[in-house]
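Enquirer: File name coords_31.cif; file contents mmCIF, C-alpha atoms and all ligand atoms; full text below.
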data_protein
#
loop_
_atom_site.label_atom_id
_atom_site.label_comp_id
_atom_site.auth_asym_id
_atom_site.auth_seq_id
_atom_site.Cartn_x
_atom_site.Cartn_y
_atom_site.Cartn_z
CA MET A 1 -8.74 16.10 -21.28
CA THR A 2 -10.68 14.66 -18.33
CA GLU A 3 -9.38 15.61 -14.93
CA ILE A 4 -8.63 12.68 -12.61
CA LEU A 5 -8.48 13.48 -8.91
CA VAL A 6 -5.84 11.62 -6.88
CA LEU A 7 -6.07 11.93 -3.11
CA VAL A 8 -2.50 12.28 -1.83
CA ASP A 9 -1.58 9.80 0.91
CA HIS A 10 1.11 11.41 3.02
CA ALA A 11 2.51 11.91 6.49
CA ASP A 12 3.28 15.59 6.97
CA GLY A 13 4.12 15.93 3.29
CA ALA A 14 6.14 12.71 2.95
CA VAL A 15 4.26 11.23 0.00
CA ARG A 16 3.68 7.49 0.18
CA LYS A 17 4.68 5.39 -2.80
CA THR A 18 1.05 4.42 -3.34
CA THR A 19 0.32 7.99 -4.43
CA THR A 20 3.04 7.83 -7.10
CA GLU A 21 1.36 4.62 -8.29
CA LEU A 22 -2.03 6.35 -8.41
CA LEU A 23 -0.58 9.28 -10.36
CA THR A 24 0.93 6.80 -12.85
CA ILE A 25 -2.46 5.11 -13.28
CA ALA A 26 -4.28 8.46 -13.45
CA ARG A 27 -2.15 9.50 -16.45
CA ARG A 28 -3.69 6.62 -18.41
CA LEU A 29 -7.18 7.86 -17.62
CA GLY A 30 -6.80 11.59 -18.15
CA GLU A 31 -5.02 14.53 -16.58
CA PRO A 32 -3.99 13.87 -12.98
CA SER A 33 -4.82 16.46 -10.34
CA ALA A 34 -3.42 15.77 -6.89
CA VAL A 35 -5.57 16.67 -3.90
CA PHE A 36 -3.30 17.50 -0.98
CA ILE A 37 -5.11 17.68 2.36
CA GLY A 38 -3.23 18.62 5.53
CA SER A 39 0.13 20.18 6.29
CA GLY A 40 3.66 19.75 4.91
CA TYR A 41 3.01 20.48 1.22
CA ALA A 42 6.56 21.81 0.77
CA ASN A 43 7.83 18.25 1.32
CA ALA A 44 5.39 16.82 -1.21
CA GLN A 45 5.66 19.35 -4.01
CA ALA A 46 8.61 17.84 -5.91
CA THR A 47 7.26 14.28 -5.79
CA LEU A 48 3.81 15.24 -7.04
CA ALA A 49 5.39 17.23 -9.89
CA SER A 50 7.78 14.49 -10.93
CA TYR A 51 4.99 11.90 -11.11
CA GLY A 52 2.97 14.05 -13.45
CA ALA A 53 0.39 15.99 -11.41
CA LYS A 54 -0.84 18.71 -13.77
CA LYS A 55 -2.65 20.45 -10.95
CA VAL A 56 -2.50 20.38 -7.17
CA TYR A 57 -5.51 21.34 -5.07
CA LEU A 58 -4.18 22.50 -1.73
CA LEU A 59 -6.40 22.09 1.27
CA GLU A 60 -4.17 23.14 4.13
CA GLN A 61 -6.62 24.54 6.66
CA ALA A 62 -5.85 23.24 10.13
CA ASP A 63 -9.28 21.81 10.94
CA LEU A 64 -8.96 19.23 8.13
CA ALA A 65 -6.13 17.50 9.96
CA GLU A 66 -7.67 17.82 13.44
CA TYR A 67 -10.42 15.35 12.79
CA LEU A 68 -10.66 11.83 11.43
CA VAL A 69 -11.76 11.00 7.90
CA ALA A 70 -15.13 12.77 7.66
CA PRO A 71 -13.77 16.27 6.87
CA LYS A 72 -11.52 14.85 4.16
CA ALA A 73 -14.50 13.14 2.53
CA GLU A 74 -16.54 16.32 2.79
CA ALA A 75 -13.76 18.45 1.29
CA LEU A 76 -13.19 15.98 -1.52
CA ALA A 77 -16.93 15.88 -2.25
CA GLU A 78 -17.08 19.67 -2.48
CA LEU A 79 -14.10 19.71 -4.83
CA ALA A 80 -15.44 16.87 -6.98
CA THR A 81 -18.81 18.60 -7.29
CA ARG A 82 -17.02 21.72 -8.51
CA VAL A 83 -14.58 20.16 -11.00
CA SER A 84 -16.63 17.11 -12.18
CA PRO A 85 -13.61 14.79 -12.54
CA GLY A 86 -13.59 11.70 -14.74
CA ALA A 87 -12.70 9.62 -11.67
CA VAL A 88 -11.38 9.89 -8.12
CA LEU A 89 -8.53 7.57 -7.14
CA VAL A 90 -7.77 6.83 -3.50
CA THR A 91 -5.27 4.47 -1.88
CA SER A 92 -6.80 1.23 -0.56
CA SER A 93 -5.81 1.82 3.04
CA PRO A 94 -8.35 1.60 5.87
CA GLU A 95 -8.50 5.42 5.92
CA GLY A 96 -8.63 5.65 2.12
CA LYS A 97 -11.47 3.18 1.90
CA GLU A 98 -13.49 5.01 4.52
CA ILE A 99 -12.99 8.33 2.76
CA ALA A 100 -13.94 6.77 -0.58
CA ALA A 101 -17.08 5.18 0.84
CA ARG A 102 -18.24 8.44 2.42
CA LEU A 103 -17.43 10.30 -0.80
CA ALA A 104 -19.45 7.83 -2.88
CA ILE A 105 -22.50 8.41 -0.69
CA LYS A 106 -22.12 12.18 -0.85
CA LEU A 107 -21.82 12.12 -4.66
CA SER A 108 -24.38 9.32 -5.20
CA SER A 109 -21.65 7.61 -7.16
CA GLY A 110 -20.50 4.06 -7.64
CA LEU A 111 -17.46 2.88 -5.68
CA ILE A 112 -15.03 0.08 -6.43
CA THR A 113 -12.54 -0.87 -3.73
CA ASP A 114 -9.24 -2.77 -3.81
CA ALA A 115 -8.63 -2.52 -7.56
CA VAL A 116 -5.35 -4.04 -8.68
CA ASP A 117 -5.62 -2.40 -12.09
CA VAL A 118 -7.61 0.30 -13.84
CA SER A 119 -7.79 0.41 -17.63
CA ALA A 120 -7.91 3.57 -19.71
CA GLU A 121 -11.65 2.85 -20.15
CA LEU A 122 -12.05 2.87 -16.34
CA GLU A 123 -12.58 -0.86 -16.17
CA THR A 124 -11.16 -2.09 -12.89
CA THR A 125 -9.67 -5.44 -11.99
CA GLN A 126 -10.06 -6.90 -8.50
CA SER A 127 -8.33 -10.01 -7.28
CA VAL A 128 -10.69 -11.97 -5.02
CA PHE A 129 -10.77 -15.22 -3.07
CA ALA A 130 -7.07 -15.07 -2.31
CA GLY A 131 -6.17 -14.37 -5.91
CA ASN A 132 -8.08 -17.35 -7.32
CA TYR A 133 -10.47 -15.15 -9.31
CA THR A 134 -10.26 -11.80 -10.96
CA VAL A 135 -13.32 -9.62 -11.26
CA LYS A 136 -13.67 -6.87 -13.84
CA ALA A 137 -16.04 -4.07 -12.91
CA ARG A 138 -16.92 -0.56 -13.85
CA VAL A 139 -18.87 2.19 -12.17
CA THR A 140 -22.18 2.85 -13.90
CA GLN A 141 -23.47 5.81 -11.90
CA GLY A 142 -21.99 9.17 -11.05
CA THR A 143 -18.25 9.83 -10.73
CA PRO A 144 -16.25 6.59 -10.60
CA ILE A 145 -14.56 6.39 -7.20
CA ILE A 146 -11.89 3.74 -7.08
CA THR A 147 -9.59 2.65 -4.31
CA VAL A 148 -6.41 1.04 -5.62
CA LYS A 149 -4.27 -1.46 -3.75
CA PRO A 150 -0.59 -0.70 -3.10
CA ASN A 151 1.76 -2.05 -5.80
CA ALA A 152 -0.99 -2.09 -8.45
CA ALA A 153 1.33 -0.17 -10.78
CA THR A 154 5.03 0.51 -11.12
CA PRO A 155 5.46 4.24 -10.46
CA GLU A 156 6.77 6.02 -13.53
CA GLN A 157 8.01 9.57 -13.48
CA ALA A 158 6.59 12.08 -15.97
CA PRO A 159 7.77 15.50 -14.81
CA ALA A 160 5.16 18.25 -14.90
CA THR A 161 4.82 21.75 -13.54
CA PRO A 162 1.59 21.62 -11.62
CA VAL A 163 -0.71 24.57 -11.26
CA GLU A 164 -1.40 25.04 -7.56
CA GLU A 165 -4.84 26.09 -6.41
CA LYS A 166 -5.70 26.81 -2.80
CA VAL A 167 -9.09 25.49 -1.77
CA GLU A 168 -10.99 26.45 1.39
CA VAL A 169 -13.93 24.43 2.58
CA VAL A 170 -16.46 25.11 5.31
CA LEU A 171 -16.88 21.94 7.31
CA SER A 172 -20.23 20.87 8.66
CA ASP A 173 -20.64 20.11 12.36
CA ALA A 174 -21.29 16.48 11.43
CA ALA A 175 -17.85 16.23 9.84
CA LYS A 176 -16.32 17.31 13.14
CA ALA A 177 -17.96 14.57 15.18
CA ALA A 178 -14.72 12.70 15.93
CA ARG A 179 -11.52 14.49 16.76
CA VAL A 180 -7.89 13.32 16.83
CA VAL A 181 -6.59 13.63 20.39
CA ASP A 182 -3.11 12.21 19.93
CA ARG A 183 -0.82 10.95 17.21
CA SER A 184 2.27 8.97 18.07
CA ALA A 185 4.51 7.26 15.56
CA ARG A 186 5.45 3.62 16.07
CA ALA A 187 9.04 3.28 17.19
CA ALA A 188 11.14 3.72 14.07
CA THR A 189 12.86 0.54 12.90
CA GLY A 190 15.03 2.26 10.29
CA ARG A 191 13.68 -0.25 7.76
CA PRO A 192 11.64 0.70 4.70
CA GLU A 193 7.85 0.54 4.90
CA LEU A 194 6.65 -2.99 4.16
CA THR A 195 4.44 -2.22 1.16
CA GLU A 196 7.04 0.11 -0.35
CA ALA A 197 10.18 -1.96 0.18
CA ALA A 198 12.13 -3.31 -2.80
CA ILE A 199 13.21 -6.27 -0.67
CA VAL A 200 11.10 -8.12 1.90
CA VAL A 201 12.34 -10.93 4.13
CA SER A 202 9.43 -12.76 5.78
CA GLY A 203 9.37 -15.33 8.53
CA GLY A 204 6.71 -17.90 9.33
CA ARG A 205 5.95 -20.55 11.91
CA GLY A 206 9.27 -22.17 11.07
CA VAL A 207 11.06 -19.27 12.77
CA GLY A 208 9.95 -20.80 16.07
CA SER A 209 9.79 -17.85 18.47
CA ALA A 210 9.74 -14.06 18.78
CA GLU A 211 13.44 -14.04 19.73
CA ASN A 212 14.34 -16.08 16.66
CA PHE A 213 12.91 -13.36 14.43
CA SER A 214 16.27 -11.67 14.94
CA VAL A 215 17.69 -13.92 12.18
CA VAL A 216 15.00 -12.65 9.79
CA GLU A 217 15.64 -9.04 10.84
CA ALA A 218 19.40 -9.43 10.45
CA LEU A 219 19.06 -10.60 6.84
CA ALA A 220 16.51 -7.86 6.09
CA ASP A 221 18.92 -5.27 7.51
CA ALA A 222 21.89 -6.61 5.57
CA LEU A 223 19.82 -6.35 2.37
CA GLY A 224 18.28 -2.98 3.27
CA GLY A 225 14.83 -4.57 3.20
CA ALA A 226 11.66 -4.75 5.27
CA VAL A 227 10.56 -7.60 7.53
CA GLY A 228 7.30 -9.47 6.91
CA ALA A 229 5.57 -12.31 8.71
CA SER A 230 3.02 -15.01 8.02
CA ARG A 231 -0.22 -15.07 9.95
CA ALA A 232 0.96 -18.12 11.91
CA ALA A 233 3.92 -16.08 13.20
CA VAL A 234 1.68 -13.09 13.95
CA ASP A 235 -1.00 -15.20 15.67
CA SER A 236 1.73 -16.77 17.80
CA GLY A 237 2.60 -13.28 19.03
CA TRP A 238 6.09 -13.37 17.52
CA TYR A 239 5.69 -10.35 15.27
CA PRO A 240 3.16 -7.46 15.14
CA HIS A 241 0.15 -7.68 12.84
CA ALA A 242 1.30 -4.55 10.97
CA TYR A 243 3.92 -6.79 9.32
CA GLN A 244 1.60 -9.61 8.27
CA VAL A 245 1.72 -10.42 4.57
CA GLY A 246 -1.32 -11.97 2.94
CA GLN A 247 -5.04 -11.89 2.44
CA THR A 248 -5.73 -10.39 5.86
CA GLY A 249 -2.44 -8.51 6.00
CA LYS A 250 -0.46 -6.38 3.58
CA THR A 251 -0.01 -6.95 -0.14
CA VAL A 252 3.59 -6.65 -1.24
CA ALA A 253 5.18 -6.88 -4.67
CA PRO A 254 8.89 -6.22 -4.09
CA GLN A 255 11.75 -6.94 -6.44
CA LEU A 256 12.84 -9.69 -4.04
CA TYR A 257 10.65 -11.61 -1.58
CA LEU A 258 12.35 -14.11 0.68
CA ALA A 259 10.04 -16.51 2.54
CA ALA A 260 11.66 -18.37 5.42
CA GLY A 261 9.80 -21.08 7.31
CA ILE A 262 6.55 -20.33 5.47
CA SER A 263 4.56 -23.19 3.91
CA GLY A 264 2.82 -21.17 1.17
CA ALA A 265 -0.86 -21.26 2.13
CA ILE A 266 -3.13 -19.64 -0.42
CA GLN A 267 -3.89 -16.76 1.97
CA HIS A 268 -0.17 -15.98 2.30
CA ARG A 269 0.39 -16.19 -1.45
CA ALA A 270 -2.41 -13.68 -2.00
CA GLY A 271 -0.19 -11.04 -0.47
CA MET A 272 3.12 -11.81 -2.18
CA GLN A 273 2.67 -13.84 -5.34
CA THR A 274 3.30 -10.92 -7.68
CA SER A 275 6.79 -10.31 -6.23
CA LYS A 276 9.38 -10.16 -9.01
CA THR A 277 11.81 -12.74 -7.62
CA ILE A 278 10.82 -15.19 -4.90
CA VAL A 279 13.40 -17.00 -2.79
CA VAL A 280 12.30 -19.74 -0.41
CA VAL A 281 14.06 -21.27 2.57
CA ASN A 282 12.16 -24.26 3.97
CA LYS A 283 13.31 -27.51 5.51
CA ASP A 284 10.49 -29.43 3.79
CA ALA A 285 11.24 -29.92 0.09
CA GLU A 286 7.52 -30.65 -0.45
CA ALA A 287 6.34 -27.30 0.99
CA PRO A 288 3.88 -25.74 -1.51
CA ILE A 289 5.71 -22.40 -1.42
CA PHE A 290 8.44 -23.97 -3.59
CA GLU A 291 5.91 -23.90 -6.49
CA LEU A 292 6.29 -20.11 -6.51
CA ALA A 293 10.04 -20.01 -5.95
CA ASP A 294 12.55 -18.70 -8.46
CA PHE A 295 15.27 -19.93 -6.11
CA GLY A 296 14.84 -22.33 -3.24
CA VAL A 297 16.98 -23.67 -0.45
CA VAL A 298 15.89 -26.86 1.33
CA GLY A 299 17.33 -26.37 4.76
CA ASP A 300 16.98 -25.10 8.29
CA LEU A 301 16.44 -21.35 8.22
CA HIS A 302 18.38 -20.97 11.46
CA ALA A 303 21.46 -22.14 9.58
CA VAL A 304 20.71 -20.72 6.12
CA LEU A 305 19.66 -17.17 7.06
CA PRO A 306 22.73 -16.33 9.21
CA GLN A 307 24.98 -17.69 6.43
CA ALA A 308 23.19 -15.55 3.85
CA THR A 309 23.47 -12.49 6.13
CA GLU A 310 27.18 -13.07 6.58
CA GLU A 311 27.68 -13.49 2.84
CA VAL A 312 25.75 -10.31 2.02
CA GLN A 313 27.75 -8.36 4.61
CA LYS A 314 31.03 -9.74 3.24
CA ARG A 315 30.11 -8.65 -0.29
CA LYS A 316 29.13 -5.19 0.93
CA GLY A 317 32.62 -4.98 2.35
P1 LIG B 401 2.92 -23.31 8.49
O1 LIG B 401 1.89 -23.56 7.45
O2 LIG B 401 2.84 -24.07 9.75
O3 LIG B 401 4.33 -23.56 7.79
C1 LIG B 401 5.54 -23.49 8.47
C2 LIG B 401 6.60 -23.90 7.48
O4 LIG B 401 7.86 -23.74 8.07
C3 LIG B 401 6.51 -25.36 7.02
O5 LIG B 401 6.50 -25.42 5.60
C4 LIG B 401 7.79 -26.00 7.59
O6 LIG B 401 8.31 -26.99 6.73
C5 LIG B 401 8.71 -24.83 7.69
N1 LIG B 401 9.72 -24.94 8.73
C6 LIG B 401 9.57 -25.33 10.01
N2 LIG B 401 10.73 -25.24 10.68
C7 LIG B 401 11.65 -24.76 9.79
C8 LIG B 401 13.03 -24.46 9.88
N3 LIG B 401 13.69 -24.58 11.03
N4 LIG B 401 13.65 -24.02 8.77
C9 LIG B 401 12.99 -23.87 7.59
N5 LIG B 401 11.67 -24.16 7.46
C10 LIG B 401 11.01 -24.59 8.54
N6 LIG B 401 -1.73 -16.44 6.40
C11 LIG B 401 -0.87 -15.47 6.09
O7 LIG B 401 0.36 -15.69 6.08
N7 LIG B 401 -1.31 -14.21 5.81
C12 LIG B 401 -2.63 -13.89 5.80
O8 LIG B 401 -2.95 -12.72 5.57
C13 LIG B 401 -3.56 -14.91 6.10
N8 LIG B 401 -4.89 -14.66 6.09
C14 LIG B 401 -5.77 -15.69 6.33
C15 LIG B 401 -7.14 -15.45 6.21
C16 LIG B 401 -8.04 -16.48 6.43
C17 LIG B 401 -9.50 -16.18 6.28
C18 LIG B 401 -7.57 -17.76 6.76
C19 LIG B 401 -8.53 -18.89 6.99
C20 LIG B 401 -6.22 -18.00 6.89
C21 LIG B 401 -5.29 -16.97 6.68
N9 LIG B 401 -3.93 -17.18 6.79
C22 LIG B 401 -3.07 -16.20 6.44
C23 LIG B 401 -3.39 -18.43 7.37
C24 LIG B 401 -2.90 -19.42 6.36
O9 LIG B 401 -3.95 -20.28 5.96
C25 LIG B 401 -1.78 -20.29 6.97
O10 LIG B 401 -2.28 -20.90 8.15
C26 LIG B 401 -0.54 -19.52 7.34
O11 LIG B 401 -0.11 -18.75 6.23
C27 LIG B 401 0.57 -20.50 7.72
O12 LIG B 401 1.70 -19.80 8.12
P2 LIG B 401 3.13 -20.46 7.98
O13 LIG B 401 3.39 -20.82 6.56
O14 LIG B 401 4.09 -19.59 8.68
O15 LIG B 401 2.97 -21.77 8.90
#
The structure in this file should be written as structure tokens.
Expert:
Amino acid sequence: MTEILVLVDHADGAVRKTTTELLTIARRLGEPSAVFIGSGYANAQATLASYGAKKVYLLEQADLAEYLVAPKAEALAELATRVSPGAVLVTSSPEGKEIAARLAIKLSSGLITDAVDVSAELETTQSVFAGNYTVKARVTQGTPIITVKPNAATPEQAPATPVEEKVEVVLSDAAKAARVVDRSARAATGRPELTEAAIVVSGGRGVGSAENFSVVEALADALGGAVGASRAAVDSGWYPHAYQVGQTGKTVAPQLYLAAGISGAIQHRAGMQTSKTIVVVNKDAEAPIFELADFGVVGDLHAVLPQATEEVQKRKG
């Protein structure tokens, strides 16, 4: 069976959900092999096994983590040249896309970015122009290298006992041209990561100010969800860009997406329209976002959200 390389996206071994999605997709295409670069493999081992990695290539040498993306691309290229995989799957993050692009050049291979689906025949689907068009594409030269957007697949477990193989690579001087000098984590919010959360509560211009975002956060916390924001809220400086949902922000597909004070512009929809259940709170009954809503409340979010928070807390006891 064809080997499919999946680059593991992780923070010190804490595997991001996107990797479990890639492993799920990889099982459709062939036999998934996880490529683990960096430190903390002990934390990742169980997750990679339970999502069906048949093999794990372990690249734990320190210099791979000391630099930016170039060494990872070089190491992946060396591995891909050796094992001739049927495809290489990488998460569509800024880092993932840079690695994939460098890899494609090194392997003289075709690259497709931001796929939202990959068929067993390696035909990819991209959603473009804010979700108004879908494009089907396939790589016609070399090893298909595909970056896949978060939430492109529902992760499904398929326990395996992966064979672990240690891989050492000799990095070129060129790969060491930019070095990491410091890493500091953003202050922890205690909330789930936006693209991985099962519940997302987002606020838009209707929230009115940075301080008022506390009503959005309170409901998110009561529900155990993440906070999102529209671009209007982000551009107003009320919430950081890392939480923006939409075409130029994150793509989310949670079980429950609650949009409060958001009108439903096409660029916002592009980042949330595949959510399973969409709840809308907007004081304008004509707001276009209601077209997407499974449940809608026409009302002032400053009244509705605190009531909902109180109700959720009451039910939790
Ligand atoms: P508005 O459109 O102003 O809507 C505010 C809503 O709040 C209204 O419907 C109003 O009725 C309601 N409201 C007001 N007060 C209350 C209240 N007290 N209670 C309840 N409801 C209330 N946008 C994104 O979100 N994400 C993106 O990634 C993104 N990318 C873009 C990329 C490009 C290239 C462009 C051109 C635009 C992009 N936009 C994006 C911007 C997008 O077009 C909209 O301008 C933006 O989504 C509007 O944000 P909003 O819905 O919060 O604000």
Enquirer: For the atom pair atom C23 of ligand LIG 401 (chain B) and atom CA of Gln307 of chain A, what is the interatomic distance in Å to one decimal place?
Expert: 28.4 Å
Enquirer: So, counting only C-alpha atoms, which residue among A:Thr309, A:Thr189, A:Gln61, A:Thr248 is closest to Gly271 of chain A?
Expert: A:Thr248
Enquirer: For a quick check of understanding, using only C-alpha atoms and all ligand atoms, which of A:Ala242, A:Leu223, A:Val35, A:Ile278 has the smallest distance to ligand LIG 401 (chain B)?
Expert: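 That would be A:Ala242, the residue with the smallest distance to ligand LIG 401 (chain B).
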Enquirer: For ligand LIG 401 (chain B), what centre and edge lengths in Å (one decimal) does the axis-aligned box get once 4 Å is added on each side of all its listed atoms, as lines of an AutoDock Vina configuration file?
Expert:
center_x = 2.1
center_y = -19.9
center_z = 8.3
size_x = 31.2
size_y = 22.3
size_z = 13.5
Enquirer: Dig up all the protein and nucleic acid residues within 8 Å of (-13.3, 4.8, -10.0) in the file frame, using all atoms listed in the file, and format them as a tab-separated table (two decimals) with C-alpha atoms, in the frame of the given file.
Expert:
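Final output, result-v3.tsv:
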chain	number	residue	atom	x	y	z
A	87	ALA	CA	-12.70	9.62	-11.67
A	88	VAL	CA	-11.38	9.89	-8.12
A	89	LEU	CA	-8.53	7.57	-7.14
A	110	GLY	CA	-20.50	4.06	-7.64
A	111	LEU	CA	-17.46	2.88	-5.68
A	112	ILE	CA	-15.03	0.08	-6.43
A	122	LEU	CA	-12.05	2.87	-16.34
A	124	THR	CA	-11.16	-2.09	-12.89
A	138	ARG	CA	-16.92	-0.56	-13.85
A	139	VAL	CA	-18.87	2.19	-12.17
A	143	THR	CA	-18.25	9.83	-10.73
A	144	PRO	CA	-16.25	6.59	-10.60
A	145	ILE	CA	-14.56	6.39	-7.20
A	146	ILE	CA	-11.89	3.74	-7.08
A	147	THR	CA	-9.59	2.65	-4.31
Enquirer: Which residues of chain A sit at most 9 Å from ligand LIG 401 (chain B), using all atoms listed in the file? Give each one's shortest atom pair and distance in Å (one decimal place), in chain and ascending residue order, as a tab-separated table.
Expert:
residue	atom	partner	partner_atom	distance
A:Ala130	CA	B:LIG401	C15	8.5
A:Gly203	CA	B:LIG401	O14	6.8
A:Gly204	CA	B:LIG401	O14	3.2
A:Arg205	CA	B:LIG401	O14	3.8
A:Gly206	CA	B:LIG401	C6	3.3
A:Val207	CA	B:LIG401	N3	6.2
A:Gly208	CA	B:LIG401	N2	7.0
A:Ala229	CA	B:LIG401	O7	6.7
A:Ser230	CA	B:LIG401	O7	3.4
A:Arg231	CA	B:LIG401	C11	3.9
A:Ala232	CA	B:LIG401	O12	4.2
A:Ala233	CA	B:LIG401	O14	5.7
A:Val234	CA	B:LIG401	O7	8.4
A:Gln244	CA	B:LIG401	N7	6.0
A:Val245	CA	B:LIG401	N7	5.0
A:Gly246	CA	B:LIG401	O8	3.2
A:Gln247	CA	B:LIG401	O8	3.9
A:Thr248	CA	B:LIG401	O8	3.6
A:Gly249	CA	B:LIG401	O8	4.3
A:Lys250	CA	B:LIG401	O8	7.1
A:Thr251	CA	B:LIG401	O8	8.6
A:Ala259	CA	B:LIG401	O13	8.9
A:Ala260	CA	B:LIG401	C9	6.1
A:Gly261	CA	B:LIG401	O4	3.4
A:Ile262	CA	B:LIG401	O13	3.4
A:Ser263	CA	B:LIG401	O5	3.4
A:Gly264	CA	B:LIG401	O13	5.4
A:Ala265	CA	B:LIG401	O11	4.9
A:Ile266	CA	B:LIG401	O9	6.5
A:Gln267	CA	B:LIG401	C13	4.5
A:His268	CA	B:LIG401	O7	3.8
A:Arg269	CA	B:LIG401	O7	7.5
A:Ala270	CA	B:LIG401	O8	7.6
A:Gly271	CA	B:LIG401	O8	6.8
A:Val281	CA	B:LIG401	C9	5.8
A:Asn282	CA	B:LIG401	N5	3.5
A:Lys283	CA	B:LIG401	C9	4.2
A:Asp284	CA	B:LIG401	O6	4.4
A:Ala285	CA	B:LIG401	O6	7.8
A:Glu286	CA	B:LIG401	O5	8.1
A:Ala287	CA	B:LIG401	O5	5.0
A:Pro288	CA	B:LIG401	O5	7.6
A:Ile289	CA	B:LIG401	O5	7.7
A:Val297	CA	B:LIG401	C9	9.0
A:Val298	CA	B:LIG401	C9	7.5
A:Gly299	CA	B:LIG401	C9	5.8
A:Asp300	CA	B:LIG401	N4	3.5
A:Leu301	CA	B:LIG401	N4	3.9
A:His302	CA	B:LIG401	N3	5.9
A:Ala303	CA	B:LIG401	N4	8.1
A:Val304	CA	B:LIG401	N4	8.2
Enquirer: Taking (20.4, -5.2, 3.9) in the file's coordinates, which residues come within 12 Å, counting only C-alpha atoms, written as an mmCIF file with C-alpha atoms, in the coordinates of the input?
Expert:
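Saved to selection_18.cif:
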data_model
loop_
_atom_site.group_PDB
_atom_site.id
_atom_site.type_symbol
_atom_site.label_atom_id
_atom_site.label_comp_id
_atom_site.auth_asym_id
_atom_site.auth_seq_id
_atom_site.Cartn_x
_atom_site.Cartn_y
_atom_site.Cartn_z
ATOM 1 C CA GLY A 190 15.030 2.260 10.290
ATOM 2 C CA ARG A 191 13.680 -0.250 7.760
ATOM 3 C CA PRO A 192 11.640 0.700 4.700
ATOM 4 C CA ALA A 197 10.180 -1.960 0.180
ATOM 5 C CA ALA A 198 12.130 -3.310 -2.800
ATOM 6 C CA ILE A 199 13.210 -6.270 -0.670
ATOM 7 C CA VAL A 200 11.100 -8.120 1.900
ATOM 8 C CA VAL A 201 12.340 -10.930 4.130
ATOM 9 C CA VAL A 216 15.000 -12.650 9.790
ATOM 10 C CA GLU A 217 15.640 -9.040 10.840
ATOM 11 C CA ALA A 218 19.400 -9.430 10.450
ATOM 12 C CA LEU A 219 19.060 -10.600 6.840
ATOM 13 C CA ALA A 220 16.510 -7.860 6.090
ATOM 14 C CA ASP A 221 18.920 -5.270 7.510
ATOM 15 C CA ALA A 222 21.890 -6.610 5.570
ATOM 16 C CA LEU A 223 19.820 -6.350 2.370
ATOM 17 C CA GLY A 224 18.280 -2.980 3.270
ATOM 18 C CA GLY A 225 14.830 -4.570 3.200
ATOM 19 C CA ALA A 226 11.660 -4.750 5.270
ATOM 20 C CA VAL A 227 10.560 -7.600 7.530
ATOM 21 C CA LEU A 256 12.840 -9.690 -4.040
ATOM 22 C CA ALA A 308 23.190 -15.550 3.850
ATOM 23 C CA THR A 309 23.470 -12.490 6.130
ATOM 24 C CA GLU A 310 27.180 -13.070 6.580
ATOM 25 C CA GLU A 311 27.680 -13.490 2.840
ATOM 26 C CA VAL A 312 25.750 -10.310 2.020
ATOM 27 C CA GLN A 313 27.750 -8.360 4.610
ATOM 28 C CA LYS A 314 31.030 -9.740 3.240
ATOM 29 C CA ARG A 315 30.110 -8.650 -0.290
ATOM 30 C CA LYS A 316 29.130 -5.190 0.930
#
Enquirer: Leaving out Ala120 of chain A and any residue of its chain fewer than 6 positions from it, which residues lie within 9 Å of it when counting all atoms listed in the file, given as a list in words?
Expert: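 The neighbour list is Ile25, Ala26, Arg27, Arg28, Leu29 and Gly30 of chain A.
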Enquirer: For atom CA of Arg16 of chain A and atom CA of Val181 of chain A, determine how far apart the two atoms are, in Å to one decimal place.
Expert: 23.5 Å
Enquirer: Got a sec: who's within 6 Å of Pro159 of chain A, counting all atoms listed in the file, leaving out chain neighbours fewer than 5 positions off, as number ranges by chain?
Expert: A: 49-52
Enquirer: Which residue is closest to Val90 of chain A? Choose from A:Asp173, A:Asp114, A:Asp294, A:Glu60 and count only C-alpha atoms.
Expert: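 The closest residue to Val90 of chain A is A:Asp114.
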Enquirer: Please provide the set of residues having any atom within 9 Å of Ala115 of chain A, restricted to all atoms listed in the file, with same-chain residues fewer than 5 positions apart removed, written as a VMD selection string.
Expert: chain A and resid 92 124 to 127 146 to 149 152
Enquirer: Which residue gives the smallest distance to Asp12 of chain A among A:Val215, A:Ile37, A:Ala80, A:Ala174, with all atoms listed in the file counted?
Expert: A:Ile37
Enquirer: How many Å lie between atom CA of Ala185 of chain A and atom CA of Lys17 of chain A, rounded to one decimal?
Expert: 18.5 Å
Enquirer: Using all atoms listed in the file, which residue out of A:Val180, A:Ala100, A:Ala175, A:Ile4 lies closest to Glu74 of chain A?
Expert: A:Ala175
